[in-house]
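Shown next: work.txt, given as compact mmCIF, C-alpha atoms.
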# COMPACT_ATOMS: atom_id res chain seq x y z
CA MET A 1 -8.13 11.17 16.12
CA VAL A 2 -7.79 7.87 14.25
CA SER A 3 -9.77 4.87 15.49
CA LEU A 4 -7.84 1.82 16.73
CA CYS A 5 -9.36 -0.22 13.93
CA ARG A 6 -8.10 2.15 11.23
CA TRP A 7 -4.74 2.50 13.00
CA ALA A 8 -4.33 -1.29 12.74
CA SER A 9 -4.76 -1.28 8.96
CA SER A 10 -1.99 -1.34 6.39
CA SER A 11 -1.75 1.64 4.05
CA LEU A 12 -1.90 0.97 0.34
CA PHE A 13 -2.09 3.47 -2.51
CA LEU A 14 -3.68 3.40 -5.93
CA ASN A 15 -0.47 4.61 -7.59
CA LYS A 16 3.11 5.59 -6.78
CA GLU A 17 2.37 9.31 -7.16
CA ALA A 18 -0.18 9.10 -4.34
CA ALA A 19 2.31 7.22 -2.15
CA TYR A 20 5.01 9.86 -2.66
CA LEU A 21 2.52 12.68 -2.14
CA LEU A 22 1.01 11.28 1.06
CA LEU A 23 4.25 9.87 2.48
CA PRO A 24 6.96 12.42 1.59
CA LYS A 25 9.65 10.64 3.65
CA LEU A 26 9.04 7.42 1.73
CA ARG A 27 11.58 8.29 -0.94
CA GLY A 28 14.49 8.50 1.52
CA ARG A 29 13.63 5.32 3.41
CA TYR A 30 12.80 2.80 0.69
CA LYS A 31 14.37 2.04 -2.68
CA PHE A 32 11.32 0.28 -4.13
CA ILE A 33 7.56 0.37 -4.06
CA ALA A 34 5.83 -2.93 -4.82
CA LYS A 35 2.83 -3.14 -7.07
CA VAL A 36 0.51 -5.78 -5.57
CA ASP A 37 -2.52 -7.61 -6.87
CA ILE A 38 -5.20 -7.38 -4.16
CA THR A 39 -8.45 -9.32 -4.55
CA GLU A 40 -11.42 -9.94 -2.25
CA LYS A 41 -9.70 -13.15 -1.11
CA CYS A 42 -6.74 -11.13 0.27
CA GLY A 43 -8.58 -9.18 2.95
CA VAL A 44 -10.89 -6.26 3.66
CA SER A 45 -10.19 -2.80 2.29
CA VAL A 46 -11.67 0.69 2.40
CA LEU A 47 -10.82 3.14 -0.40
CA LEU A 48 -10.44 6.80 0.63
CA LYS A 49 -9.57 8.77 -2.53
CA SER A 50 -6.15 7.38 -3.53
CA HIS A 51 -5.38 5.80 -0.12
CA ILE A 52 -6.57 2.34 0.91
CA ASP A 53 -6.90 1.04 4.46
CA PHE A 54 -6.24 -2.71 4.20
CA TRP A 55 -6.75 -5.48 6.75
CA ARG A 56 -5.22 -8.68 5.42
CA TYR A 57 -6.46 -12.18 6.06
CA ASP A 58 -4.08 -14.65 7.71
CA THR A 59 -3.84 -16.50 4.40
CA PHE A 60 -2.59 -13.39 2.52
CA LYS A 61 1.06 -13.61 1.46
CA PRO A 62 2.52 -10.25 0.32
CA SER A 63 5.38 -11.97 -1.51
CA VAL A 64 2.87 -13.81 -3.69
CA ALA A 65 0.68 -10.73 -4.25
CA ALA A 66 3.64 -8.59 -5.37
CA VAL A 67 3.61 -8.44 -9.16
CA GLU A 68 6.23 -5.74 -9.80
CA ASP A 69 8.92 -3.71 -8.01
CA ILE A 70 8.92 -0.06 -9.04
CA PRO A 71 12.36 1.56 -8.51
CA GLU A 72 12.48 4.96 -6.83
CA ASP A 73 14.01 6.62 -9.91
CA SER A 74 10.90 5.75 -11.96
CA HIS A 75 9.08 8.45 -9.97
CA GLY A 76 8.88 11.68 -11.94

Representation of the structure as structure tokens:
Amino acid sequence: MVSLCRWASSSLFLNKEAAYLLLPKLRGRYKFIAKVDITEKCGVSVLLKSHIDFWRYDTFKPSVAAVEDIPEDSHG
């Protein structure tokens, strides 16, 4: 069972391969994966292998943190 605290986090991944591996339905639902620049000023995170639980601060703006869109067809 997942704790309520962990359930409330956002899922981030270290690379697109990990995202596709851990979220197999991702490919059919979304055309892009965004590469984001996350620093200590963005929020609190816990790294678990290639998955990151992320709790963002109110001041965090995903549109500003996004540095690159990675199209689905760039996945091997």

Spatial neighbours of A:Leu22, max dist 12 Å, only C-alpha atoms, sep filter under 2 positions, as a VMD selection string: chain A and resid 11 to 20 24 to 27 49 to 52

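Counting only C-alpha atoms and comparing A:Ser9, A:Pro62, A:Ile33, A:Met1, the residue that lies closest to A:Val46 is A:Ser9.
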
A:Val67, A:Cys42, A:Val2, A:Leu21 ranked by distance to A:Trp55, top pick (using only C-alpha atoms):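 That would be A:Cys42, the residue with the smallest distance to A:Trp55.
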
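For A:Glu68, the non-local neighbours within 12 Å, defined as residues at least 5 positions apart in the same chain or in other chains and counting only C-alpha atoms, are A:Phe32, A:Ile33, A:Ala34, A:Lys35, A:Val36, A:Asp37, A:Pro62, A:Ser63.
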
12 Å contact set for A:Ala8, all atoms listed in the file, chain neighbours under 2 positions out, as a ChimeraX atom specification: /A:2-6,10-11,53-56

Shell of 9 Å around A:Tyr57, all atoms listed in the file, local chain residues under 2 positions omitted, as a list in words: Lys41, Cys42, Gly43, Val44, Trp55, Thr59, Phe60 and Lys61 of chain A
